[in-house]
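Enquirer: Coordinates in data_31.cif, mmCIF, C-alpha atoms and all ligand atoms, are listed below.
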```cif
data_final
loop_
_atom_site.label_atom_id
_atom_site.label_comp_id
_atom_site.auth_asym_id
_atom_site.auth_seq_id
_atom_site.Cartn_x
_atom_site.Cartn_y
_atom_site.Cartn_z
CA MET A 1055 84.29 127.41 118.14
CA ALA A 1056 87.57 125.56 118.60
CA PRO A 1057 89.98 125.84 115.63
CA GLU A 1058 90.11 122.84 113.31
CA THR A 1059 92.88 120.33 113.85
CA ALA A 1060 94.81 118.92 110.93
CA LEU A 1061 97.10 115.95 110.42
CA MET A 1062 99.34 115.43 107.38
CA ILE A 1063 100.00 111.73 106.81
CA ILE A 1064 103.24 110.81 105.03
CA PRO A 1065 103.90 107.15 104.18
CA THR A 1066 107.57 106.32 103.99
CA TYR A 1067 109.78 103.53 102.79
CA ASN A 1068 113.49 104.37 102.81
CA GLU A 1069 113.13 108.15 102.93
CA ARG A 1070 115.86 108.82 105.50
CA GLU A 1071 117.55 111.30 103.14
CA ASN A 1072 114.40 113.31 102.49
CA LEU A 1073 112.60 113.46 105.81
CA PRO A 1074 114.80 115.82 107.84
CA ARG A 1075 114.57 118.53 105.18
CA LEU A 1076 110.92 117.85 104.48
CA LEU A 1077 109.88 118.22 108.11
CA GLU A 1078 111.93 121.39 108.40
CA ALA A 1079 110.06 122.81 105.40
CA LEU A 1080 106.66 121.66 106.68
CA PHE A 1081 107.05 122.94 110.21
CA GLY A 1082 108.71 126.12 108.98
CA LEU A 1083 105.94 127.22 106.60
CA PRO A 1084 105.48 130.97 107.06
CA SER A 1085 101.71 130.92 106.60
CA GLY A 1086 98.71 128.63 106.67
CA PRO A 1087 97.19 126.74 109.58
CA ARG A 1088 99.15 124.70 112.10
CA PHE A 1089 99.08 120.96 111.60
CA HIS A 1090 100.57 117.77 112.96
CA VAL A 1091 102.48 115.20 110.89
CA LEU A 1092 102.16 111.42 111.08
CA ILE A 1093 104.86 109.34 109.41
CA VAL A 1094 103.65 105.84 108.55
CA ASP A 1095 106.85 103.87 108.10
CA ASP A 1096 106.95 100.25 106.93
CA ASN A 1097 110.03 99.39 108.98
CA SER A 1098 112.39 100.94 106.39
CA PRO A 1099 115.78 99.22 106.34
CA ASP A 1100 117.53 102.61 105.99
CA GLY A 1101 116.51 103.68 109.51
CA THR A 1102 113.80 106.20 108.57
CA GLY A 1103 111.66 105.06 111.51
CA GLN A 1104 114.44 105.35 114.09
CA TRP A 1105 115.25 108.85 112.86
CA VAL A 1106 111.60 109.89 113.13
CA ALA A 1107 111.29 108.45 116.63
CA GLN A 1108 114.13 110.59 117.92
CA ALA A 1109 113.03 113.67 115.95
CA ALA A 1110 109.54 113.31 117.44
CA ALA A 1111 111.02 113.23 120.93
CA ARG A 1112 113.67 115.94 120.56
CA LEU A 1113 112.93 118.23 117.63
CA TYR A 1114 109.16 118.33 117.18
CA PRO A 1115 107.43 117.10 120.32
CA GLU A 1116 103.60 117.17 120.04
CA ARG A 1117 103.66 117.92 116.30
CA LEU A 1118 105.44 114.87 114.89
CA HIS A 1119 104.15 111.32 115.29
CA LEU A 1120 105.28 107.92 114.10
CA LEU A 1121 103.31 104.80 113.25
CA THR A 1122 105.54 101.83 112.49
CA ARG A 1123 104.34 98.84 110.54
CA PRO A 1124 106.13 95.51 110.47
CA GLY A 1125 107.03 95.41 106.77
CA LYS A 1126 106.49 96.86 103.31
CA GLN A 1127 102.80 96.54 102.49
CA GLY A 1128 102.27 99.32 99.99
CA LEU A 1129 101.14 102.92 100.07
CA GLY A 1130 97.43 102.09 100.37
CA ARG A 1131 97.80 99.95 103.51
CA ALA A 1132 99.98 102.62 105.11
CA TYR A 1133 97.38 105.32 104.45
CA LEU A 1134 94.51 103.21 105.77
CA ALA A 1135 96.40 102.65 109.02
CA GLY A 1136 97.17 106.38 109.17
CA PHE A 1137 93.53 107.33 108.58
CA ARG A 1138 92.43 105.08 111.47
CA TRP A 1139 95.07 106.67 113.69
CA ALA A 1140 93.70 110.12 112.77
CA PHE A 1141 90.04 109.16 113.32
CA GLU A 1142 90.83 107.78 116.77
CA ARG A 1143 92.33 111.13 117.71
CA GLY A 1144 89.58 113.26 116.25
CA TYR A 1145 91.46 115.33 113.66
CA ASP A 1146 89.09 117.47 111.55
CA ILE A 1147 91.35 117.55 108.49
CA VAL A 1148 93.52 114.73 107.17
CA GLY A 1149 96.16 115.27 104.48
CA GLN A 1150 98.11 112.94 102.21
CA MET A 1151 101.56 113.68 100.82
CA ASP A 1152 104.73 111.94 99.60
CA ALA A 1153 108.02 112.22 101.44
CA ASP A 1154 110.21 112.95 98.41
CA PHE A 1155 109.45 116.66 97.68
CA SER A 1156 107.40 115.87 94.59
CA HIS A 1157 104.65 117.29 96.77
CA GLN A 1158 106.07 120.65 97.75
CA PRO A 1159 105.13 122.04 101.16
CA ARG A 1160 104.81 125.56 99.75
CA TYR A 1161 101.47 124.64 98.17
CA LEU A 1162 99.84 123.71 101.45
CA PRO A 1163 98.61 127.19 102.44
CA ALA A 1164 96.67 127.50 99.14
CA MET A 1165 95.32 123.98 99.57
CA PHE A 1166 94.10 124.65 103.10
CA GLU A 1167 92.52 127.85 101.84
CA ALA A 1168 90.67 125.94 99.10
CA LEU A 1169 89.42 123.41 101.66
CA ARG A 1170 87.34 126.13 103.28
CA ALA A 1171 84.84 125.69 100.46
CA ALA A 1172 85.43 122.00 99.74
CA ASP A 1173 85.48 118.54 101.30
CA LEU A 1174 88.48 117.35 99.32
CA VAL A 1175 91.31 119.35 97.77
CA ILE A 1176 93.74 117.81 95.28
CA GLY A 1177 97.12 119.23 94.34
CA SER A 1178 96.75 118.95 90.59
CA ARG A 1179 99.35 118.62 87.86
CA TYR A 1180 96.82 118.76 85.06
CA ILE A 1181 95.00 122.03 85.42
CA PRO A 1182 96.31 125.39 84.16
CA GLY A 1183 99.23 126.48 86.31
CA GLY A 1184 100.21 122.91 87.19
CA GLY A 1185 102.74 120.60 85.60
CA VAL A 1186 105.09 117.65 85.85
CA GLU A 1187 108.90 117.50 85.95
CA ARG A 1188 110.17 119.37 82.91
CA ALA A 1189 112.98 116.88 82.43
CA TRP A 1190 110.64 113.88 82.08
CA PRO A 1191 111.01 112.26 78.68
CA ARG A 1192 108.01 112.61 76.44
CA TRP A 1193 106.92 108.96 76.86
CA ARG A 1194 106.72 109.39 80.61
CA LYS A 1195 104.60 112.51 80.33
CA TYR A 1196 102.26 110.72 77.92
CA LEU A 1197 102.03 107.69 80.19
CA SER A 1198 101.00 109.77 83.17
CA ARG A 1199 98.52 111.77 81.08
CA TRP A 1200 97.13 108.68 79.47
CA GLY A 1201 96.72 106.88 82.80
CA ASN A 1202 94.69 109.79 84.04
CA PHE A 1203 92.60 110.01 80.92
CA TYR A 1204 91.86 106.27 81.06
CA ALA A 1205 90.73 106.33 84.69
CA ARG A 1206 88.67 109.48 84.17
CA LEU A 1207 86.95 108.08 81.12
CA ILE A 1208 86.04 104.70 82.60
CA LEU A 1209 84.94 106.00 85.97
CA GLY A 1210 83.50 109.31 84.79
CA LEU A 1211 85.76 111.33 87.06
CA SER A 1212 85.54 115.08 86.73
CA VAL A 1213 88.84 115.78 88.46
CA ARG A 1214 91.77 116.32 86.08
CA ASP A 1215 94.46 114.71 88.23
CA ALA A 1216 92.91 111.47 89.45
CA THR A 1217 96.15 109.70 90.38
CA GLY A 1218 97.72 112.58 92.28
CA GLY A 1219 98.40 111.83 95.93
CA PHE A 1220 98.75 115.34 97.38
CA ARG A 1221 95.39 115.83 99.07
CA LEU A 1222 93.51 117.41 101.96
CA TRP A 1223 90.33 115.78 103.22
CA ARG A 1224 87.69 116.80 105.65
CA SER A 1225 87.68 113.82 108.02
CA ALA A 1226 83.91 113.82 107.94
CA LEU A 1227 84.03 112.90 104.25
CA LEU A 1228 86.82 110.37 104.60
CA GLN A 1229 84.93 108.63 107.39
CA ARG A 1230 81.91 108.14 105.16
CA LEU A 1231 83.93 106.09 102.64
CA PRO A 1232 83.80 102.27 102.90
CA LEU A 1233 87.50 102.08 103.74
CA ASP A 1234 87.24 98.45 104.89
CA GLN A 1235 86.55 97.52 101.24
CA VAL A 1236 89.53 99.37 99.80
CA ALA A 1237 92.21 96.85 98.87
CA THR A 1238 94.35 98.75 96.34
CA VAL A 1239 97.93 99.73 97.12
CA GLY A 1240 99.35 102.16 94.56
CA TYR A 1241 98.00 104.73 92.09
CA ALA A 1242 94.77 102.71 92.10
CA PHE A 1243 94.37 103.59 95.76
CA GLN A 1244 94.29 107.31 94.94
CA ILE A 1245 91.83 106.71 92.14
CA GLU A 1246 89.59 104.55 94.33
CA LEU A 1247 89.34 107.11 97.14
CA LEU A 1248 88.59 109.85 94.65
CA TYR A 1249 85.93 107.76 92.92
CA LEU A 1250 84.21 107.03 96.23
CA ALA A 1251 84.28 110.70 97.18
CA GLN A 1252 82.78 111.71 93.85
CA ARG A 1253 80.04 109.09 94.17
CA LEU A 1254 79.08 110.63 97.48
CA GLY A 1255 78.70 113.98 95.78
CA ALA A 1256 81.60 115.53 97.70
CA ARG A 1257 82.75 119.07 96.90
CA ILE A 1258 86.13 118.49 95.24
CA ARG A 1259 88.55 121.24 94.23
CA GLU A 1260 91.91 121.20 92.48
CA VAL A 1261 94.81 123.53 93.22
CA PRO A 1262 97.61 123.68 90.60
CA ILE A 1263 101.00 122.22 91.58
CA TYR A 1264 104.28 121.67 89.80
CA PHE A 1265 105.46 118.10 90.43
CA PRO A 1266 109.25 117.80 90.29
CA ASP A 1267 111.02 114.44 90.38
CA ARG A 1268 112.55 113.24 93.59
CA LYS A 1269 116.21 114.25 94.01
CA ALA A 1270 117.10 111.73 96.72
CA GLY A 1271 116.17 108.11 97.29
CA ARG A 1272 114.35 105.87 94.86
CA SER A 1273 110.84 105.51 93.52
CA LYS A 1274 108.97 102.51 94.89
CA LEU A 1275 106.07 102.53 92.51
CA SER A 1276 106.67 99.83 89.95
CA LEU A 1277 105.19 98.44 86.76
CA SER A 1278 102.99 96.08 88.79
CA ILE A 1279 101.51 99.13 90.53
CA GLN A 1280 100.66 100.62 87.13
CA LEU A 1281 99.05 97.39 86.03
CA GLU A 1282 97.06 97.30 89.25
CA ALA A 1283 95.61 100.71 88.35
CA ALA A 1284 94.75 99.55 84.82
CA TRP A 1285 92.53 96.63 85.84
CA ARG A 1286 91.33 97.94 89.17
CA VAL A 1287 89.38 100.80 87.62
CA TRP A 1288 87.12 98.17 86.03
CA TRP A 1289 86.86 96.33 89.35
CA MET A 1290 85.85 99.59 91.07
CA LYS A 1291 83.22 100.38 88.51
CA TRP A 1292 81.60 96.99 89.13
CA HIS A 1293 82.24 96.61 92.85
CA TYR A 1294 80.75 99.95 93.84
CA ARG A 1295 77.88 99.91 91.36
CA HIS A 1296 75.30 99.95 94.20
CA TRP A 1297 77.30 102.25 96.45
CA PRO A 1298 76.31 104.47 98.13
CA PRO A 1299 72.95 102.78 98.69
CA ALA A 1300 70.02 104.96 97.69
CA THR A 1301 68.26 106.30 100.77
CA ALA A 1302 64.48 106.19 100.82
N1 LIG B 1 104.79 103.06 104.24
C1 LIG B 1 105.01 102.88 102.93
N2 LIG B 1 105.31 103.95 102.15
C2 LIG B 1 105.51 103.73 100.83
C3 LIG B 1 105.44 102.45 100.23
N3 LIG B 1 105.69 102.58 98.89
C4 LIG B 1 105.93 103.90 98.68
N4 LIG B 1 105.83 104.60 99.84
C5 LIG B 1 105.96 106.05 100.03
O1 LIG B 1 104.98 106.67 99.23
C6 LIG B 1 105.45 107.90 98.69
C7 LIG B 1 105.37 107.87 97.15
O2 LIG B 1 106.21 106.85 96.65
P1 LIG B 1 107.27 107.09 95.47
O3 LIG B 1 108.20 105.94 95.49
O4 LIG B 1 107.86 108.45 95.56
O5 LIG B 1 106.31 106.96 94.21
P2 LIG B 1 106.37 107.78 92.83
O6 LIG B 1 106.50 109.22 93.16
O7 LIG B 1 105.09 107.44 92.12
O8 LIG B 1 107.58 107.25 92.13
C8 LIG B 1 106.86 108.07 99.24
O9 LIG B 1 106.82 108.86 100.40
C9 LIG B 1 107.27 106.64 99.57
O10 LIG B 1 108.28 106.56 100.56
C10 LIG B 1 105.14 101.34 101.08
O11 LIG B 1 105.06 100.18 100.67
N5 LIG B 1 104.92 101.61 102.41
MG MG B 2 107.78 110.09 94.31
#
```
Go ahead and express the file in the form of structure tokens.
Ligand SMILES: Nc1nc2c(ncn2[C@@H]2O[C@H](COP(=O)(O)OP(=O)(O)O)[C@@H](O)[C@H]2O)c(=O)[nH]1
Ligand SMILES: [Mg+2]
Expert:
Amino acid sequence: MAPETALMIIPTYNERENLPRLLEALFGLPSGPRFHVLIVDDNSPDGTGQWVAQAAARLYPERLHLLTRPGKQGLGRAYLAGFRWAFERGYDIVGQMDADFSHQPRYLPAMFEALRAADLVIGSRYIPGGGVERAWPRWRKYLSRWGNFYARLILGLSVRDATGGFRLWRSALLQRLPLDQVATVGYAFQIELLYLAQRLGARIREVPIYFPDRKAGRSKLSLSIQLEAAWRVWWMKWHYRHWPPATA
């Protein structure tokens, strides 16, 4: 049997400072399976896309790919475009990660290992062994915890870290989700995909990660993105109430 092929998708908006080091870390991992990387850049004004284009040609031919979008449309749109790109090329495994080192490459080998007995693996801040930036003020830790608790309660999610965006999917599972109906852009996007996977009865596993704050660049996820998550969980609960359709 041919070995499985994997693609890590990284959406970027103004991550020029982080990407060179991140790709070095990803492609330099001492263990774990080989994978390709797709950067989905929303035409970042800081030149992230141009840097990736030349790095793909000179530094990492074959392994690094770039998908450029005309303007900033949110994390969810970028991932959906990236997923389509991956499906068209037949990757068996599709990963999601941020460009800012909050998702540390060193966890990938353990995540790939866990995927051997799962359809979806989530790098989790909220299981034993995981955690969030120690320097976060208490209100911020509570907010993140509370957001997770709220989504889990309303949607009946069993996963502890429902908003986390460090994930590995079997493409076969991802392709069964009704992605053409997914319209969320921020944390809600992560929750929505997870909810759909759980409704399908997917085998989901969590691997503990420590989630440090970004050191370079700026966060793009705003208050409006948090509000989106708050009301969208109710929308999801209603919208997908008959999904997946019961088979006779
Ligand atoms: N392509 C694209 N990437 C985005 C967009 N918004 C955020 N990102 C990327 O998504 C990842 C997570 O965003 P970040 O700002 O770190 O969110 P935070 O960690 O929740 O503060 C980073 O790699 C960002 O560059 C967007 O509108 N388009
Ligand atoms: Mg971040």
Enquirer: Show me which residues line ligand LIG 1 (chain B), defined as having an atom within 8 Å of a ligand atom where all atoms listed in the file count, and present them as a PyMOL selection string.
Expert: chain A and resi 1064-1069+1094-1097+1123+1125-1133+1151-1154+1156+1239-1241+1267-1268+1272-1276
Enquirer: Between CA of Phe1166 (chain A) and CA of Ser1178 (chain A), what is the distance in Å, rounded to a tenth?
Expert: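 CA of Ser1178 (chain A) lies at a distance of 14.0 Å from CA of Phe1166 (chain A).
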Enquirer: If we draw a sphere of 12 Å around (115.2, 104.7, 110.9), which residues have at least one atom in it when counting all atoms listed in the file? Please report them as a VMD selection string.
Expert: chain A and resid 1066 to 1071 1073 to 1074 1093 to 1109 1120 1122
Enquirer: Neighbouring residues of region 1293-1295 of chain A were defined as those with any atom within 12 Å, considering only C-alpha atoms; residues of the same chain fewer than 6 positions away were excluded. Please report them as a list in words.
Expert: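 The residues that qualify are Leu1209, Leu1231, Pro1232, Gln1235, Val1236, Ala1237, Glu1246, Leu1247, Tyr1249, Leu1250, Ala1251, Gln1252, Arg1253, Leu1254, Arg1286 and Val1287 of chain A.
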Enquirer: For a quick check of understanding, using all atoms listed in the file, which of A:Leu1233, A:Ala1171, A:Ala1205, A:Leu1211 has the smallest distance to Glu1282 (chain A)?
Expert: A:Ala1205
Enquirer: From the options A:Gly1184, A:Gly1218, A:Gly1210, A:Pro1299, which residue's atoms come nearest to ligand MG 2 (chain B), counting all atoms listed in the file?
Expert: A:Gly1218
Enquirer: Mind giving me the straight-line distance from CA of Trp1292 (chain A) to CA of Lys1195 (chain A) in Å, one decimal?
Expert: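 Going from CA of Trp1292 (chain A) over to CA of Lys1195 (chain A) covers 29.1 Å.
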Enquirer: Return the single residue from A:Tyr1114, A:Phe1220, A:Tyr1180, A:Phe1243 that is closest to Pro1159 (chain A), with distances computed using all atoms listed in the file.
Expert: A:Phe1220
Enquirer: What does the distance between CA of Leu1077 (chain A) and CA of Glu1142 (chain A) come to in Å, to one decimal place?
Expert: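 CA of Glu1142 (chain A) lies 23.4 Å from CA of Leu1077 (chain A).
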Enquirer: For Leu1222 (chain A), work out the shell of residues within 9 Å, counting only C-alpha atoms and skipping chain neighbours fewer than 6 positions away, then give it as a ChimeraX atom specification.
Expert: /A:1062,1147-1151,1162,1165-1166,1169,1173-1177
Enquirer: Compare A:Gly1144, A:Ala1270, A:Trp1190, A:Glu1116 by their minimum atom-to-atom distance to Leu1076 (chain A), counting all atoms listed in the file, and give me the closest one.
Expert: A:Ala1270
